[in-house]
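protein-v2.txt follows (compact mmCIF, C-alpha atoms):
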```txt
# COMPACT_ATOMS: atom_id res chain seq x y z
CA MET J 1 -11.51 3.37 15.56
CA PRO J 2 -12.35 1.84 12.14
CA ILE J 3 -12.23 5.30 10.54
CA ALA J 4 -8.72 5.87 11.91
CA LEU J 5 -7.63 2.51 10.53
CA LEU J 6 -9.11 3.32 7.10
CA LEU J 7 -7.35 6.69 7.09
CA LEU J 8 -4.07 4.99 8.00
CA ILE J 9 -4.50 2.47 5.17
CA ALA J 10 -5.40 5.28 2.73
CA ALA J 11 -2.33 7.23 3.82
CA GLY J 12 -0.14 4.17 3.27
CA ILE J 13 -1.58 3.61 -0.20
CA GLY J 14 -1.16 7.31 -1.00
CA TRP J 15 2.46 7.22 0.14
CA ALA J 16 3.15 4.09 -1.94
CA TRP J 17 1.54 5.73 -4.97
CA TRP J 18 3.49 8.98 -4.48
CA THR J 19 6.85 7.19 -4.11
CA ASN J 20 6.09 5.00 -7.15
CA ARG J 21 6.17 1.75 -5.19
CA LEU J 22 2.94 0.56 -6.81
CA LYS J 23 4.44 0.64 -10.31
CA GLY J 24 4.71 -3.12 -10.78
CA LEU J 25 1.35 -4.02 -9.27
CA THR J 26 -1.55 -5.29 -11.37
CA PHE J 27 -5.30 -5.32 -10.88
CA GLU J 28 -5.02 -8.91 -9.63
CA ASP J 29 -2.57 -7.76 -6.95
CA GLY J 30 -5.12 -5.18 -5.81
CA VAL J 31 -7.84 -7.82 -5.66
CA ALA J 32 -5.54 -10.06 -3.61
CA GLY J 33 -4.81 -7.18 -1.22
CA ALA J 34 -8.51 -6.45 -0.83
CA ALA J 35 -9.20 -10.16 -0.21
CA PHE J 36 -6.50 -10.22 2.47
CA LEU J 37 -7.99 -7.18 4.22
CA LEU J 38 -11.48 -8.64 4.00
CA GLY J 39 -10.19 -11.93 5.39
CA LEU J 40 -8.45 -10.08 8.20
CA ARG J 41 -11.71 -8.33 9.01
CA PHE J 42 -13.61 -11.63 9.08
CA ALA J 43 -10.93 -13.33 11.18
CA THR J 44 -10.89 -10.55 13.79
CA THR J 45 -14.68 -10.37 14.10
CA GLY J 46 -15.17 -14.01 15.01
CA LYS J 47 -15.57 -15.56 11.56
CA PRO J 48 -12.24 -17.35 11.01
CA VAL J 49 -13.86 -19.95 8.72
CA LEU J 50 -14.38 -17.16 6.18
CA GLY J 51 -11.33 -15.07 6.99
CA LEU J 52 -8.51 -17.59 7.03
CA PRO J 53 -9.11 -18.97 3.50
CA LEU J 54 -9.20 -15.43 2.10
CA MET J 55 -5.99 -14.49 3.86
CA THR J 56 -4.31 -17.75 2.81
CA GLY J 57 -5.36 -17.28 -0.81
CA ALA J 58 -4.00 -13.73 -0.86
CA ALA J 59 -0.70 -14.87 0.68
CA LEU J 60 -0.39 -17.66 -1.88
CA TRP J 61 -1.04 -15.16 -4.67
CA ALA J 62 1.73 -12.90 -3.32
CA PHE J 63 4.12 -15.86 -3.20
CA TYR J 64 3.19 -16.93 -6.74
CA ARG J 65 3.50 -13.36 -8.04
CA ARG J 66 6.91 -12.94 -6.47
CA LYS J 67 8.21 -16.17 -8.00
CA ARG J 68 7.03 -15.37 -11.52
CA THR J 69 8.56 -11.89 -11.67
CA GLY J 70 12.20 -11.85 -12.57
CA ARG J 71 14.58 -11.05 -15.33
CA PRO J 72 13.23 -11.30 -18.82
CA ALA J 73 14.27 -14.46 -20.65
CA ILE J 74 16.37 -13.83 -23.73
CA GLY J 75 17.59 -16.25 -26.36
CA VAL J 76 21.28 -16.98 -26.93
CA ALA J 77 21.31 -15.59 -30.48
CA GLU J 78 19.52 -12.42 -29.40
CA ALA J 79 21.90 -12.05 -26.44
CA ARG J 80 24.93 -12.30 -28.74
CA GLN J 81 23.43 -9.76 -31.11
CA LEU J 82 22.58 -7.36 -28.28
CA LEU J 83 26.09 -7.51 -26.80
CA GLY J 84 27.71 -7.53 -30.24
CA ILE J 85 29.87 -10.61 -29.76
CA ASP J 86 30.46 -13.70 -31.87
CA GLU J 87 29.71 -17.33 -31.08
CA GLY J 88 33.18 -18.20 -29.86
CA ALA J 89 33.40 -15.44 -27.26
CA ASP J 90 34.94 -16.37 -23.94
CA LEU J 91 33.99 -15.12 -20.48
CA ALA J 92 36.30 -12.09 -20.61
CA GLU J 93 34.85 -10.95 -23.95
CA ILE J 94 31.29 -11.35 -22.66
CA ARG J 95 32.07 -9.31 -19.56
CA ASP J 96 33.90 -6.61 -21.53
CA ALA J 97 31.02 -6.27 -23.99
CA HIS J 98 28.56 -6.12 -21.09
CA ARG J 99 30.56 -3.41 -19.31
CA ARG J 100 30.85 -1.28 -22.44
CA LEU J 101 27.15 -1.52 -23.23
CA ILE J 102 25.83 -1.13 -19.69
CA ALA J 103 27.92 2.05 -19.30
CA LYS J 104 25.93 3.53 -22.18
CA VAL J 105 22.41 2.32 -21.32
CA HIS J 106 22.39 2.40 -17.50
CA PRO J 107 19.54 4.48 -16.03
CA ASP J 108 22.03 6.57 -14.06
CA LYS J 109 23.59 7.61 -17.38
CA GLY J 110 20.25 8.55 -18.93
CA GLY J 111 19.36 5.14 -20.38
CA SER J 112 16.27 3.08 -19.72
CA ALA J 113 15.89 0.53 -16.95
CA ASP J 114 14.23 -1.90 -19.37
CA LEU J 115 17.21 -1.87 -21.73
CA ALA J 116 19.65 -2.21 -18.84
CA ASN J 117 17.69 -5.25 -17.62
CA ARG J 118 17.83 -6.76 -21.11
CA VAL J 119 21.61 -6.20 -21.27
CA ASN J 120 22.04 -7.88 -17.88
CA ALA J 121 19.81 -10.76 -18.97
CA ALA J 122 21.88 -11.14 -22.15
CA ARG J 123 25.07 -11.37 -20.11
CA ASP J 124 23.53 -13.91 -17.74
CA THR J 125 22.24 -16.00 -20.67
CA LEU J 126 25.62 -16.05 -22.41
CA VAL J 127 27.54 -16.86 -19.23
CA ALA J 128 25.13 -19.72 -18.49
CA GLU J 129 25.49 -20.96 -22.08
CA LEU J 130 29.28 -20.78 -21.79
CA HIS J 131 29.21 -22.87 -18.63
CA ARG J 132 26.97 -25.43 -20.33
CA ARG J 133 29.33 -25.72 -23.31
CA THR J 134 32.59 -26.07 -21.43
CA PRO J 135 33.25 -29.42 -19.78
CA ARG J 136 34.18 -29.19 -16.14
CA ALA J 137 37.39 -30.79 -14.90
CA SER J 138 36.85 -33.30 -12.12
```
Before we go any further, please render this structure as structure tokens.
Amino acid sequence: MPIALLLLIAAGIGWAWWTNRLKGLTFEDGVAGAAFLLGLRFATTGKPVLGLPLMTGAALWAFYRRKRTGRPAIGVAEARQLLGIDEGADLAEIRDAHRRLIAKVHPDKGGSADLANRVNAARDTLVAELHRRTPRAS
């Protein structure tokens, strides 16, 4: 039975590798996964005092890792330069500049995913800055 389980886990890892789902994982993520599996083994063989802390630590690592990954932060000046707009641009100009640029750099059009993420982050930064600058009517 343990050999079948190991083969199933190996097949799952092989599938994830083949479909490129492991692209964003780091060595620390692998260590956390191994710690979780080791904790699961301890917990199911009558040693929950060893297993549960390992499993909890691995789950906390996954939660922490998920929270820290996100869009890259970009400064306001760099965002304006990337989108090619001036300081007094309104929301329509920001959106128009974003649409023009994303049409050129989108991965479906042959561009890179990293550059498309930076363009989206630039738009988000400028829209957030615009909302901070404009007073809201009560």
* Calculate how many Å separate atom CA of Ala103 of chain J from atom CA of Arg66 of chain J, rounding to one decimal. =>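 Between atom CA of Ala103 of chain J and atom CA of Arg66 of chain J the gap is 28.8 Å.
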* Asked: Please, what distance in Å, to one decimal, runs between atom CA of Phe27 of chain J and atom CA of Trp15 of chain J?
  -> 18.4 Å
* Structure fact -> Closest of J:Ala116, J:Ala62, J:Ala43, J:Leu54 to Leu25 of chain J, counting all atoms listed in the file, is J:Ala62
* To do: Please provide as a PyMOL selection string all residues within 9 Å of Leu38 of chain J, with the sequence filter that same-chain residues fewer than 4 positions apart are discarded (counting all atoms listed in the file).
  => chain J and resi 33-34+42-43+51+54-55
Neighbouring residues of segment 125-128 of chain J were defined as those with any atom within 8 Å, considering only C-alpha atoms; residues of the same chain fewer than 6 positions away were excluded. Please report them as a short mmCIF file (atom, residue, chain, number, x, y, z; two decimals) with C-alpha atoms, in the frame of the given file.
```cif
data_model
loop_
_atom_site.label_atom_id
_atom_site.label_comp_id
_atom_site.auth_asym_id
_atom_site.auth_seq_id
_atom_site.Cartn_x
_atom_site.Cartn_y
_atom_site.Cartn_z
CA ILE J 74 16.37 -13.83 -23.73
CA GLY J 75 17.59 -16.25 -26.36
CA VAL J 76 21.28 -16.98 -26.93
CA ALA J 79 21.90 -12.05 -26.44
CA ARG J 80 24.93 -12.30 -28.74
CA LEU J 91 33.99 -15.12 -20.48
CA ILE J 94 31.29 -11.35 -22.66
#
```
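Atom to atom, atom CA of Gly84 of chain J and atom CA of Ile102 of chain J stand 12.5 Å apart.
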* Among the residues J:Arg133, J:Arg65, J:Arg21, J:Arg123, the one that comes closest to Arg99 of chain J [using all atoms listed in the file] ->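 With all atoms listed in the file as the atom set, the closest residue is J:Arg123.
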* **Which residue of J:Ser112, J:Thr44, J:Thr19, J:Thr56 approaches Ala32 of chain J most closely, using all atoms listed in the file** =>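 Ranking J:Ser112, J:Thr44, J:Thr19, J:Thr56 by distance to Ala32 of chain J, first place goes to J:Thr56.
Using all atoms listed in the file for every distance, the candidate list J:Asp108, J:Leu60, J:Glu129, J:Leu83 yields J:Leu83 as the residue closest to Asp96 of chain J.
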* Asked: For Ala73 of chain J, which of J:Leu130, J:Val119, J:Trp17, J:His106 is the closest residue, counting all atoms listed in the file?
  ->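 Result for the nearest residue to Ala73 of chain J: J:Val119.
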